[in-house]
Amino acid sequence: MIVPLPHILIFSLLLFAIGIYGALVRRNIIGILISIELMLNAANINLIAFSKTTSLAPETGQIFALFVIAIAAMSAAVGLAIVLALFRVRKTVYTDEVNLLKW
Amino acid sequence: MVSADHILWVPLLPFAAFIANILAGRRLKHRAAWLSVATSAVACAIALPVCWAVFHGAHFANQITWLAIGKGSLQFGYLMDPLSATLLFMVTIVGTLIQIYASGYMAGDPRYSRFFAYVSLFMSAMLTLVISDNYLLFFMAWEIMGLCSYLLIGFYFEKESAAKACFKAFLTTRIGDVGFLLGFLTLFTAIGTLSFSKMNAIMDGTYTGPAMLIPVSLLVAASLLIFCGTIGKSAQFPLHVWLPDAMEGPTPVSALIHAATMVAAGVFLVARSFSLFMAVRDVLPFVTTIGTITAFMAAFIALTQTDIKRILAYSTISQLGYMVTGLGLMGLGAGTFHLTTHAFFKALLFLGAGSVIHGTHVQDIRQMGGLFKKMPHTATTFIIASLALAGIPPLSGFWSKDEILLTAFASGNILVFGVLLLTAFMTAFYMFRLIFMTFFGKARDPHVHAHESPAVMTLPLWALAIGSIVIGIPGSPFMHHWFQKFMAHMTHYPEYEPSAFVMGCSITVAVLGIGLAGVIYLKKTAWAEKTASVFPTFYRLSLNKFYFDELYSRFIIKPFTAIGRILFSFDEAVVDGAVNGTGQNTLFLSRLKNWFDQHVVDGLVNFMGALTYFLNAIVKRLQTGLVQNYMLFAFLGFLAFIAWQLKLI
């Protein structure tokens with residue numbers, strides 16, 4: 001069965017909204033990182049959906065999605081490393097307790 | 001013309017001593033005197049062979065271009081002719097002896113090295129003056145001597161009288177110096193050269209250069225102005241007033257500067273300019289008159305003075321008047337001869353007086369008496385010098401004084417001759433009044449304990465005494481008037497046959513003067529006061545030095561001080577007022593500018609600062625420090641961007 005494109009787009013929109021909501025309201029940095037992953041995956045779903053329905057070669061979107069996954073993995077690694085370093089110094093992973101850049 | 005350039009060491013050596021003493025005098029201490037004496041002695045040793053050569057007919061000169069101006073140039077150089085050789089001979093010998101004496105006389109003085117520094121500088125200047133070959137160098141040395149004279153008269157500057165005396169001496173001689181400066185500048189305008197030898201050649205008509213038209217009026221002006229220098233430096237009437245006061249200086253200085261050498265420089269100046277004076281003979285009577293007045297007046301004043309050094313000072317003025325008279329009567333040889341002999345016996349007299357002062361610590365002859373037994377060397381040499389001054393043959397003073405008298409007599413100036421004879425009489429009288437009151441009779445003041453001076457002081461006395469005896473021989477008939485003929489090489493002036501009449505007159509008045517002094521001051525001591533009461537006017541005139549100081553004070557110094565005071569009040573009111581007004585205006589303007597600066601310029605700067613601060617207070621609120629806020633802003637921005645792209649807003 002073929003899922004129509006609007007359904008997929010609505011799904012990915014919801015997924016992105018959940019991601020952005022999480023990223024904006026979570027205090028825990030780990031949660032924020034997870035939310036970011038969600039947003040990236042929403043984007044991936046869009047890419048796959050469009051690659052299936054447009055006249056371009058389907059590989060284009062799929063390769064793009066692969067790249068995004070790679071970047072997501074990388075950003076998760078860097079983000080977790082920062083969290084680890086932060087935790088070592090400040091003994092916390094809550095963003096409201098890390099406000100050095102405040103005026 | 002042969003050169004003898006090593007003659008330059010003669011002034012340079014004392015100058016080196018001056019430098020050393022003025023810079024390192026404190027460390028040299030008593031060695032300062034050795035240095036000065038040694039350089040002077042070496043200078044003497046260098047000078048004497050040169051003089052000897054000149055006495056045997058040699059003639060040395062050399063010059064370098066010192067300054068090129070326009071077409072002409074100014075030359076500096078030395079000239080050794082009979083005149084300068086005579087002076088060089090006299091100055092080096094007398095100067096060295098006086099410095100040896102001074103090393104003993106000044107012993108223990110706190111400014112010992114400074115004294116010798118000044119004396120060396122003086123020697124250097126005097127020797128430069130003597131050997132210089134042009135008016136400019138002559139004038140420079142002349143002025144340095146004036147400075148040294150000032151410094152040395154004021155050597156005991158703690159004493160107010162000394163401080164005033166040096167001031168007076170400097171200002172009075174300055175009048176003459178200005179005249180001299182103008183004089184040789186006038187001469188330069190007239191003949192275009194300052195060199196003595198060139199001037200002599202031009203005046204004698206032997207100059208080989210291009211013919212020139214010389215305005216006689218300029219020459220007359222030049223000669224009169226140059227003579228002004230002589231009047232100032234040689235203390236001639238009416239500028240003689242500084243010399244008696246100059247006796248405030250140390251006695252060796254009085255001997256060296258104010259008796260033997262510097263004051264003789266004025267006479268030397270006339271002798272140097274003799275060809276000029278001969279070219280304009282109309283000014284010579286003026287010279288003669290000044291000289292005669294000076295000779296007579298000073299001798300007359302000396303009759304009643306009681307300060308031993310002041311008597312000698314007036315005697316010096318009188319003898320300088322003699323020399324000037326001699327030169328004024330065209331007696332170049334006579335004037336120069338008297339200058340030389342006078343230097344020896346007058347230096348001796350001053351040194352003797354210094355020895356007396358050193359031994360008794362008083363200067364007033366009324367407090368002395370009977371010193372002959374206590375100070376035999378001083379007394380004997382002093383008497384020798386006095387005999388020479390009084391003109392007793394065969395001492396030097398007789399021959400030279402006789403030469404001047406002869407010139408006056410033979411040139412037909414009977415009035416001058418008479419006045420000079422009278423002066424000679426007074427000279428003999430006051431000198432022996434001094435001697436009888438000082439060395440003979442009974443000690444008048446029991447507080448005075450006299451003692452003979454040390455050998456370092458008496459030996460120069462004896463050396464000068466020998467000089468005073470023999471130095472007249474070259475001008476006497478024993479050497480066939482060699483000196484006069486020697487001088488006659490220089491210029492053509494009338495020569496006179498020796499006259500037995502003149503010699504007789506001269507000896508008679510001298511003996512009479514001495515005899516009268518002996519009678520009055522040894523036998524009939526009451527006569528002196530009786531004479532004074534018989535001629536009260538004359539007595540008071542003499543005692544008060546013809547009221548010259550009072551006259552000058554009344555008619556010159558007071559008006560000038562009054563003018564000075566008026567100018568001062570003008571200065572204070574107007575000039576100072578203008579200056580102060582300017583100052584106050586500036587202050588007011590500055591205040592104005594200060595206000596502007598503080599409120600406008602600084603206000604602008606502060607306003608910029610405040611503005612930035614204010615904006616910052618608003619904008620900084622964005623920096624919450626919460627990472628989610630930043631993300632929210634970014635997301636909202638993104639949404640806004642999308643909305644704009646989709647034309648939703």
# chains A, B, ... in the order shown; residues from 1 in each chain; ligands from 1
>>> closest_atom_pairs(of="chain B", to="chain A", cutoff="6 Å", atoms="only C-alpha atoms", output="CSV")
residue,atom,partner,partner_atom,distance
B:Gln623,CA,A:Lys102,CA,5.3
B:Thr624,CA,A:Lys102,CA,4.9
B:Gly625,CA,A:Lys102,CA,3.8
B:Leu626,CA,A:Asp96,CA,5.8
B:Gln628,CA,A:Leu24,CA,5.2
>>> write_last_selection(atoms="N, CA and C atoms", output="PDB file, in the first residue's frame")
ATOM      1  N   GLN B 623      20.670  38.687  26.427  1.00  0.00           N
ATOM      2  CA  GLN B 623      21.678  37.703  26.828  1.00  0.00           C
ATOM      3  C   GLN B 623      21.245  37.057  28.135  1.00  0.00           C
ATOM      4  N   THR B 624      20.340  36.093  28.020  1.00  0.00           N
ATOM      5  CA  THR B 624      19.821  35.507  29.244  1.00  0.00           C
ATOM      6  C   THR B 624      20.731  34.458  29.824  1.00  0.00           C
ATOM      7  N   GLY B 625      21.580  33.897  28.971  1.00  0.00           N
ATOM      8  CA  GLY B 625      22.459  32.845  29.460  1.00  0.00           C
ATOM      9  C   GLY B 625      21.793  31.466  29.389  1.00  0.00           C
ATOM     10  N   LEU B 626      20.528  31.432  29.012  1.00  0.00           N
ATOM     11  CA  LEU B 626      19.850  30.141  28.896  1.00  0.00           C
ATOM     12  C   LEU B 626      19.868  29.682  27.448  1.00  0.00           C
ATOM     13  N   GLN B 628      18.290  27.506  25.851  1.00  0.00           N
ATOM     14  CA  GLN B 628      17.012  27.297  25.176  1.00  0.00           C
ATOM     15  C   GLN B 628      16.425  28.594  24.638  1.00  0.00           C
TER      16      GLN B 628
END
>>> residues_around(residues="B:Pro498", least_positions_apart="2", cutoff="9 Å", atoms="only C-alpha atoms", output="count of residues only")
8
>>> atom_distance(atom1="atom CA of A:Asn44", atom2="atom CA of A:Ala72")
10.6 Å
>>> atom_distance(atom1="atom CA of B:Gly326", atom2="atom CA of B:Ile404")
5.2 Å
>>> atom_distance(atom1="atom CA of B:Asp245", atom2="atom CA of B:Ile317")
12.2 Å
>>> residues_around(residues="stretch 510-520 of chain B", least_positions_apart="6", cutoff="9 Å", atoms="only C-alpha atoms", output="PDB file with N, CA and C atoms, in the first residue's frame")
ATOM      1  N   LEU B 387     113.410 107.083  46.966  1.00  0.00           N
ATOM      2  CA  LEU B 387     114.445 107.950  46.388  1.00  0.00           C
ATOM      3  C   LEU B 387     114.332 107.939  44.868  1.00  0.00           C
ATOM      4  N   ALA B 390     111.327 109.990  44.005  1.00  0.00           N
ATOM      5  CA  ALA B 390     111.568 111.415  44.225  1.00  0.00           C
ATOM      6  C   ALA B 390     112.514 111.981  43.175  1.00  0.00           C
ATOM      7  N   GLY B 391     113.300 111.121  42.556  1.00  0.00           N
ATOM      8  CA  GLY B 391     114.196 111.594  41.508  1.00  0.00           C
ATOM      9  C   GLY B 391     115.565 111.967  42.017  1.00  0.00           C
ATOM     10  N   ILE B 392     116.156 111.083  42.784  1.00  0.00           N
ATOM     11  CA  ILE B 392     117.511 111.306  43.272  1.00  0.00           C
ATOM     12  C   ILE B 392     118.467 110.490  42.404  1.00  0.00           C
ATOM     13  N   ALA B 424     107.115 117.459  41.069  1.00  0.00           N
ATOM     14  CA  ALA B 424     108.268 116.675  41.515  1.00  0.00           C
ATOM     15  C   ALA B 424     108.612 117.033  42.951  1.00  0.00           C
ATOM     16  N   PHE B 425     108.521 118.311  43.254  1.00  0.00           N
ATOM     17  CA  PHE B 425     108.779 118.749  44.630  1.00  0.00           C
ATOM     18  C   PHE B 425     107.785 118.099  45.590  1.00  0.00           C
ATOM     19  N   MET B 426     106.505 118.171  45.213  1.00  0.00           N
ATOM     20  CA  MET B 426     105.479 117.582  46.077  1.00  0.00           C
ATOM     21  C   MET B 426     105.663 116.078  46.196  1.00  0.00           C
ATOM     22  N   THR B 427     106.082 115.460  45.080  1.00  0.00           N
ATOM     23  CA  THR B 427     106.309 114.014  45.109  1.00  0.00           C
ATOM     24  C   THR B 427     107.353 113.663  46.157  1.00  0.00           C
ATOM     25  N   ALA B 428     108.477 114.369  46.090  1.00  0.00           N
ATOM     26  CA  ALA B 428     109.540 114.111  47.061  1.00  0.00           C
ATOM     27  C   ALA B 428     109.028 114.354  48.467  1.00  0.00           C
ATOM     28  N   PHE B 429     108.235 115.408  48.624  1.00  0.00           N
ATOM     29  CA  PHE B 429     107.736 115.764  49.955  1.00  0.00           C
ATOM     30  C   PHE B 429     106.806 114.682  50.511  1.00  0.00           C
ATOM     31  N   TYR B 430     105.783 114.307  49.721  1.00  0.00           N
ATOM     32  CA  TYR B 430     104.824 113.356  50.308  1.00  0.00           C
ATOM     33  C   TYR B 430     105.423 111.983  50.487  1.00  0.00           C
ATOM     34  N   MET B 431     106.366 111.598  49.613  1.00  0.00           N
ATOM     35  CA  MET B 431     106.979 110.284  49.792  1.00  0.00           C
ATOM     36  C   MET B 431     107.783 110.255  51.079  1.00  0.00           C
ATOM     37  N   PHE B 432     108.478 111.347  51.353  1.00  0.00           N
ATOM     38  CA  PHE B 432     109.323 111.310  52.554  1.00  0.00           C
ATOM     39  C   PHE B 432     108.523 111.647  53.807  1.00  0.00           C
ATOM     40  N   ARG B 433     107.413 112.326  53.629  1.00  0.00           N
ATOM     41  CA  ARG B 433     106.469 112.439  54.753  1.00  0.00           C
ATOM     42  C   ARG B 433     106.029 111.025  55.150  1.00  0.00           C
ATOM     43  N   LEU B 434     105.685 110.233  54.134  1.00  0.00           N
ATOM     44  CA  LEU B 434     105.282 108.847  54.384  1.00  0.00           C
ATOM     45  C   LEU B 434     106.400 108.074  55.075  1.00  0.00           C
ATOM     46  N   PHE B 436     109.087 109.193  56.752  1.00  0.00           N
ATOM     47  CA  PHE B 436     109.448 109.650  58.095  1.00  0.00           C
ATOM     48  C   PHE B 436     108.373 109.274  59.100  1.00  0.00           C
ATOM     49  N   ALA B 526     104.994 120.293  64.854  1.00  0.00           N
ATOM     50  CA  ALA B 526     103.856 121.218  64.976  1.00  0.00           C
ATOM     51  C   ALA B 526     103.634 121.996  63.688  1.00  0.00           C
ATOM     52  N   TRP B 527     104.692 122.082  62.870  1.00  0.00           N
ATOM     53  CA  TRP B 527     104.599 122.891  61.655  1.00  0.00           C
ATOM     54  C   TRP B 527     103.505 122.400  60.710  1.00  0.00           C
ATOM     55  N   ALA B 528     103.349 121.114  60.678  1.00  0.00           N
ATOM     56  CA  ALA B 528     102.376 120.544  59.737  1.00  0.00           C
ATOM     57  C   ALA B 528     100.993 121.116  59.991  1.00  0.00           C
TER      58      ALA B 528
END
>>> closest_residue(among="B:Glu248, B:Ser453, B:Phe417, B:Thr304", to="B:Glu160", atoms="only C-alpha atoms")
B:Glu248
>>> residues_around(residues="B:Gly472", least_positions_apart="4", cutoff="12 Å", atoms="only C-alpha atoms", output="PyMOL selection string")
chain B and resi 334+336-345+388-389+391-403+466-468+476-484
>>> select_by_dssp(residues="stretch 21-155 of chain B", states="helix (DSSP H, G or I)", output="compact mmCIF listing (two decimals) with N, CA and C atoms, in the first residue's frame")
# COMPACT_ATOMS: atom_id res chain seq x y z
N ASN B 21 93.97 76.61 37.92
CA ASN B 21 93.65 77.10 39.26
C ASN B 21 92.17 77.29 39.46
N ILE B 22 91.49 77.70 38.41
CA ILE B 22 90.06 77.98 38.59
C ILE B 22 89.29 76.67 38.67
N LEU B 23 89.80 75.62 37.99
CA LEU B 23 89.07 74.35 37.99
C LEU B 23 89.48 73.47 39.16
N ALA B 24 90.78 73.40 39.40
CA ALA B 24 91.27 72.44 40.40
C ALA B 24 91.91 73.14 41.58
N GLY B 25 91.60 74.43 41.74
CA GLY B 25 92.27 75.21 42.77
C GLY B 25 92.09 74.67 44.17
N ARG B 26 90.90 74.15 44.46
CA ARG B 26 90.63 73.65 45.80
C ARG B 26 91.56 72.50 46.16
N ARG B 27 91.82 71.67 45.15
CA ARG B 27 92.68 70.53 45.43
C ARG B 27 94.16 70.94 45.45
N LEU B 28 94.47 72.01 44.67
CA LEU B 28 95.88 72.41 44.61
C LEU B 28 96.33 73.09 45.90
N ARG B 31 99.67 74.88 46.37
CA ARG B 31 100.41 74.66 45.12
C ARG B 31 99.89 75.58 44.01
N ALA B 32 98.71 76.17 44.22
CA ALA B 32 98.16 77.11 43.24
C ALA B 32 99.16 78.22 42.96
N ALA B 33 99.78 78.70 44.03
CA ALA B 33 100.75 79.80 43.87
C ALA B 33 101.95 79.32 43.07
N TRP B 34 102.43 78.09 43.37
CA TRP B 34 103.59 77.59 42.63
C TRP B 34 103.28 77.55 41.15
N LEU B 35 102.08 77.10 40.85
CA LEU B 35 101.68 76.98 39.45
C LEU B 35 101.73 78.34 38.76
N SER B 36 101.11 79.32 39.41
CA SER B 36 101.07 80.65 38.81
C SER B 36 102.48 81.23 38.68
N VAL B 37 103.25 81.09 39.74
CA VAL B 37 104.60 81.65 39.72
C VAL B 37 105.43 80.93 38.65
N ALA B 38 105.28 79.60 38.60
CA ALA B 38 106.09 78.84 37.65
C ALA B 38 105.76 79.22 36.22
N THR B 39 104.47 79.29 35.89
CA THR B 39 104.11 79.65 34.52
C THR B 39 104.61 81.05 34.20
N SER B 40 104.47 81.92 35.17
CA SER B 40 104.92 83.29 34.95
C SER B 40 106.43 83.33 34.73
N ALA B 41 107.14 82.54 35.53
CA ALA B 41 108.60 82.52 35.40
C ALA B 41 109.01 81.94 34.06
N VAL B 42 108.33 80.89 33.64
CA VAL B 42 108.66 80.30 32.34
C VAL B 42 108.35 81.29 31.22
N ALA B 43 107.21 81.97 31.36
CA ALA B 43 106.87 82.99 30.37
C ALA B 43 107.97 84.04 30.31
N CYS B 44 108.47 84.39 31.46
CA CYS B 44 109.56 85.37 31.55
C CYS B 44 110.79 84.83 30.83
N ALA B 45 111.09 83.55 31.10
CA ALA B 45 112.26 82.94 30.48
C ALA B 45 112.12 82.88 28.97
N ILE B 46 110.88 82.70 28.49
CA ILE B 46 110.68 82.69 27.04
C ILE B 46 110.79 84.10 26.48
N ALA B 47 110.24 85.04 27.25
CA ALA B 47 110.13 86.40 26.72
C ALA B 47 111.48 87.11 26.68
N LEU B 48 112.31 86.87 27.71
CA LEU B 48 113.52 87.68 27.80
C LEU B 48 114.47 87.52 26.61
N PRO B 49 114.72 86.29 26.12
CA PRO B 49 115.59 86.20 24.93
C PRO B 49 115.02 86.95 23.73
N VAL B 50 113.69 86.90 23.60
CA VAL B 50 113.08 87.62 22.48
C VAL B 50 113.29 89.12 22.66
N CYS B 51 113.06 89.59 23.89
CA CYS B 51 113.29 91.01 24.17
C CYS B 51 114.74 91.37 23.87
N TRP B 52 115.63 90.49 24.31
CA TRP B 52 117.06 90.71 24.12
C TRP B 52 117.36 90.89 22.63
N ALA B 53 116.76 90.00 21.83
CA ALA B 53 116.97 90.09 20.38
C ALA B 53 116.44 91.41 19.84
N VAL B 54 115.25 91.81 20.35
CA VAL B 54 114.68 93.07 19.87
C VAL B 54 115.56 94.24 20.28
N PHE B 55 116.11 94.17 21.51
CA PHE B 55 116.99 95.24 21.95
C PHE B 55 118.21 95.37 21.04
N PRO B 82 110.44 97.65 19.48
CA PRO B 82 111.06 98.17 20.71
C PRO B 82 110.06 98.43 21.82
N LEU B 83 108.90 98.98 21.46
CA LEU B 83 107.92 99.33 22.49
C LEU B 83 107.40 98.09 23.21
N SER B 84 106.94 97.10 22.42
CA SER B 84 106.38 95.92 23.09
C SER B 84 107.47 95.13 23.81
N ALA B 85 108.67 95.13 23.27
CA ALA B 85 109.76 94.41 23.96
C ALA B 85 110.02 95.04 25.32
N THR B 86 110.03 96.38 25.37
CA THR B 86 110.26 97.05 26.66
C THR B 86 109.19 96.66 27.66
N LEU B 87 107.94 96.73 27.19
CA LEU B 87 106.84 96.41 28.09
C LEU B 87 106.87 94.94 28.50
N LEU B 88 107.18 94.06 27.54
CA LEU B 88 107.21 92.63 27.83
C LEU B 88 108.27 92.34 28.87
N PHE B 89 109.42 92.94 28.69
CA PHE B 89 110.52 92.83 29.64
C PHE B 89 110.05 93.22 31.03
N MET B 90 109.42 94.38 31.10
CA MET B 90 108.99 94.92 32.40
C MET B 90 107.90 94.04 33.01
N VAL B 91 106.88 93.71 32.21
CA VAL B 91 105.71 93.01 32.77
C VAL B 91 106.08 91.62 33.26
N THR B 92 106.87 90.88 32.48
CA THR B 92 107.18 89.52 32.91
C THR B 92 108.02 89.54 34.19
N ILE B 93 109.00 90.43 34.25
CA ILE B 93 109.86 90.44 35.45
C ILE B 93 109.07 90.91 36.67
N VAL B 94 108.44 92.08 36.55
CA VAL B 94 107.71 92.62 37.69
C VAL B 94 106.57 91.68 38.09
N GLY B 95 105.86 91.16 37.09
CA GLY B 95 104.74 90.26 37.39
C GLY B 95 105.20 89.03 38.14
N THR B 96 106.29 88.42 37.69
CA THR B 96 106.77 87.22 38.37
C THR B 96 107.17 87.53 39.81
N LEU B 97 107.90 88.63 39.98
CA LEU B 97 108.34 88.97 41.34
C LEU B 97 107.15 89.22 42.25
N ILE B 98 106.15 89.92 41.73
CA ILE B 98 104.99 90.23 42.56
C ILE B 98 104.24 88.95 42.91
N GLN B 99 104.20 88.00 41.98
CA GLN B 99 103.50 86.76 42.30
C GLN B 99 104.24 85.95 43.35
N ILE B 100 105.58 85.97 43.28
CA ILE B 100 106.35 85.29 44.34
C ILE B 100 106.01 85.92 45.69
N TYR B 101 106.00 87.26 45.70
CA TYR B 101 105.67 87.98 46.92
C TYR B 101 104.28 87.62 47.39
N ALA B 102 103.34 87.57 46.44
CA ALA B 102 101.95 87.32 46.80
C ALA B 102 101.78 85.94 47.41
N SER B 103 102.60 84.96 46.97
CA SER B 103 102.47 83.63 47.53
C SER B 103 102.72 83.65 49.03
N GLY B 104 103.57 84.61 49.48
CA GLY B 104 103.76 84.76 50.92
C GLY B 104 102.70 85.64 51.54
N TYR B 105 102.37 86.72 50.85
CA TYR B 105 101.45 87.70 51.42
C TYR B 105 100.06 87.12 51.60
N TYR B 112 92.74 81.44 48.44
CA TYR B 112 94.12 81.53 47.95
C TYR B 112 94.22 81.17 46.47
N SER B 113 93.66 79.99 46.11
CA SER B 113 93.83 79.54 44.72
C SER B 113 93.07 80.44 43.76
N ARG B 114 91.94 80.97 44.22
CA ARG B 114 91.19 81.85 43.33
C ARG B 114 91.98 83.12 43.05
N PHE B 115 92.65 83.60 44.07
CA PHE B 115 93.48 84.79 43.89
C PHE B 115 94.50 84.55 42.78
N PHE B 116 95.18 83.40 42.86
CA PHE B 116 96.22 83.16 41.85
C PHE B 116 95.63 82.87 40.48
N ALA B 117 94.42 82.31 40.48
CA ALA B 117 93.76 82.12 39.18
C ALA B 117 93.53 83.48 38.53
N TYR B 118 93.00 84.42 39.30
CA TYR B 118 92.73 85.75 38.75
C TYR B 118 94.02 86.42 38.30
N VAL B 119 95.05 86.29 39.15
CA VAL B 119 96.30 86.96 38.82
C VAL B 119 96.88 86.38 37.53
N SER B 120 96.76 85.04 37.38
CA SER B 120 97.28 84.42 36.16
C SER B 120 96.50 84.88 34.95
N LEU B 121 95.18 84.97 35.12
CA LEU B 121 94.36 85.46 34.00
C LEU B 121 94.78 86.88 33.65
N PHE B 122 95.03 87.66 34.69
CA PHE B 122 95.46 89.02 34.44
C PHE B 122 96.78 89.05 33.68
N MET B 123 97.73 88.23 34.15
CA MET B 123 99.04 88.19 33.48
C MET B 123 98.86 87.82 32.02
N SER B 124 98.03 86.82 31.80
CA SER B 124 97.80 86.36 30.43
C SER B 124 97.26 87.51 29.58
N ALA B 125 96.29 88.24 30.12
CA ALA B 125 95.70 89.34 29.36
C ALA B 125 96.71 90.45 29.11
N MET B 126 97.47 90.77 30.17
CA MET B 126 98.44 91.86 30.03
C MET B 126 99.49 91.52 28.98
N LEU B 127 99.95 90.25 29.00
CA LEU B 127 100.98 89.86 28.04
C LEU B 127 100.41 89.82 26.64
N THR B 128 99.15 89.40 26.52
CA THR B 128 98.51 89.44 25.20
C THR B 128 98.46 90.87 24.69
N LEU B 129 98.06 91.76 25.59
CA LEU B 129 97.96 93.17 25.21
C LEU B 129 99.31 93.70 24.74
N VAL B 130 100.35 93.31 25.47
CA VAL B 130 101.67 93.87 25.14
C VAL B 130 102.14 93.40 23.77
N ILE B 131 101.92 92.11 23.47
CA ILE B 131 102.47 91.62 22.21
C ILE B 131 101.48 91.70 21.07
N TYR B 135 94.47 96.65 17.21
CA TYR B 135 93.63 97.25 18.23
C TYR B 135 92.60 96.28 18.78
N LEU B 136 92.12 95.36 17.93
CA LEU B 136 91.04 94.49 18.39
C LEU B 136 91.51 93.53 19.48
N LEU B 137 92.61 92.86 19.21
CA LEU B 137 93.17 91.94 20.21
C LEU B 137 93.57 92.72 21.45
N PHE B 138 94.15 93.89 21.21
CA PHE B 138 94.54 94.78 22.28
C PHE B 138 93.33 95.07 23.17
N PHE B 139 92.21 95.39 22.51
CA PHE B 139 91.01 95.76 23.24
C PHE B 139 90.46 94.57 24.03
N MET B 140 90.52 93.38 23.42
CA MET B 140 90.03 92.19 24.14
C MET B 140 90.82 91.99 25.43
N ALA B 141 92.15 92.03 25.29
CA ALA B 141 93.00 91.85 26.47
C ALA B 141 92.72 92.96 27.48
N TRP B 142 92.56 94.14 26.96
CA TRP B 142 92.26 95.33 27.77
C TRP B 142 91.01 95.09 28.61
N GLU B 143 89.98 94.52 27.99
CA GLU B 143 88.73 94.28 28.71
C GLU B 143 88.88 93.16 29.73
N ILE B 144 89.65 92.12 29.37
CA ILE B 144 89.87 91.04 30.35
C ILE B 144 90.58 91.61 31.57
N MET B 145 91.53 92.51 31.31
CA MET B 145 92.22 93.14 32.44
C MET B 145 91.25 93.92 33.29
N GLY B 146 90.31 94.60 32.63
CA GLY B 146 89.30 95.34 33.39
C GLY B 146 88.51 94.39 34.28
N LEU B 147 88.18 93.23 33.72
CA LEU B 147 87.44 92.23 34.50
C LEU B 147 88.27 91.76 35.69
N CYS B 148 89.55 91.44 35.42
CA CYS B 148 90.42 90.96 36.50
C CYS B 148 90.56 92.03 37.57
N SER B 149 90.69 93.26 37.12
CA SER B 149 90.80 94.36 38.07
C SER B 149 89.56 94.39 38.95
N TYR B 150 88.41 94.25 38.32
CA TYR B 150 87.15 94.23 39.07
C TYR B 150 87.15 93.09 40.08
N LEU B 151 87.51 91.89 39.61
CA LEU B 151 87.47 90.73 40.49
C LEU B 151 88.44 90.87 41.65
N LEU B 152 89.61 91.45 41.36
CA LEU B 152 90.64 91.49 42.39
C LEU B 152 90.45 92.66 43.35
N ILE B 153 89.90 93.78 42.86
CA ILE B 153 89.59 94.86 43.81
C ILE B 153 88.52 94.36 44.77
N GLY B 154 87.56 93.61 44.22
CA GLY B 154 86.50 93.09 45.06
C GLY B 154 86.85 91.74 45.65
N PHE B 155 88.16 91.46 45.81
CA PHE B 155 88.54 90.12 46.27
C PHE B 155 88.02 89.88 47.68
>>> closest_residue(among="A:Leu84, A:Ile2, A:Ala57, A:Leu15", to="A:Glu37", atoms="only C-alpha atoms")
A:Leu15
>>> closest_residue(among="B:Ser411, B:Thr261, B:Thr381, B:Asn544", to="B:Leu348", atoms="only C-alpha atoms")
B:Thr381
>>> residues_around(residues="stretch 5-7 of chain A", least_positions_apart="2", cutoff="9 Å", atoms="only C-alpha atoms", output="ChimeraX atom specification")
/A:2-3,9-12,49-50,53
>>> write_last_selection(atoms="N, CA and C atoms", output="PDB file, in the first residue's frame")
ATOM      1  N   ILE A   2       0.326   2.177  -0.688  1.00  0.00           N
ATOM      2  CA  ILE A   2       1.111   3.402  -0.794  1.00  0.00           C
ATOM      3  C   ILE A   2       0.507   4.456   0.101  1.00  0.00           C
ATOM      4  N   VAL A   3       1.338   4.882   1.021  1.00  0.00           N
ATOM      5  CA  VAL A   3       0.884   5.967   1.914  1.00  0.00           C
ATOM      6  C   VAL A   3       0.969   7.279   1.142  1.00  0.00           C
ATOM      7  N   LEU A   9       3.998  13.814   5.284  1.00  0.00           N
ATOM      8  CA  LEU A   9       4.459  15.162   5.641  1.00  0.00           C
ATOM      9  C   LEU A   9       3.875  15.596   6.975  1.00  0.00           C
ATOM     10  N   ILE A  10       2.596  15.263   7.202  1.00  0.00           N
ATOM     11  CA  ILE A  10       1.978  15.607   8.482  1.00  0.00           C
ATOM     12  C   ILE A  10       2.684  14.870   9.616  1.00  0.00           C
ATOM     13  N   PHE A  11       3.001  13.574   9.323  1.00  0.00           N
ATOM     14  CA  PHE A  11       3.717  12.811  10.348  1.00  0.00           C
ATOM     15  C   PHE A  11       5.071  13.451  10.682  1.00  0.00           C
ATOM     16  N   SER A  12       5.791  13.784   9.609  1.00  0.00           N
ATOM     17  CA  SER A  12       7.120  14.366   9.869  1.00  0.00           C
ATOM     18  C   SER A  12       7.006  15.735  10.535  1.00  0.00           C
ATOM     19  N   ALA A  49      10.457  10.723   1.651  1.00  0.00           N
ATOM     20  CA  ALA A  49       9.128  10.848   1.060  1.00  0.00           C
ATOM     21  C   ALA A  49       9.210  11.565  -0.266  1.00  0.00           C
ATOM     22  N   PHE A  50       9.943  12.657  -0.294  1.00  0.00           N
ATOM     23  CA  PHE A  50      10.036  13.405  -1.554  1.00  0.00           C
ATOM     24  C   PHE A  50      10.788  12.617  -2.616  1.00  0.00           C
ATOM     25  N   THR A  53       8.356  10.436  -4.417  1.00  0.00           N
ATOM     26  CA  THR A  53       7.220  10.970  -5.160  1.00  0.00           C
ATOM     27  C   THR A  53       7.594  11.927  -6.273  1.00  0.00           C
TER      28      THR A  53
END
>>> closest_residue(among="B:Met80, B:Leu8, B:Leu461, B:Val575", to="B:Ile383", atoms="only C-alpha atoms")
B:Leu461
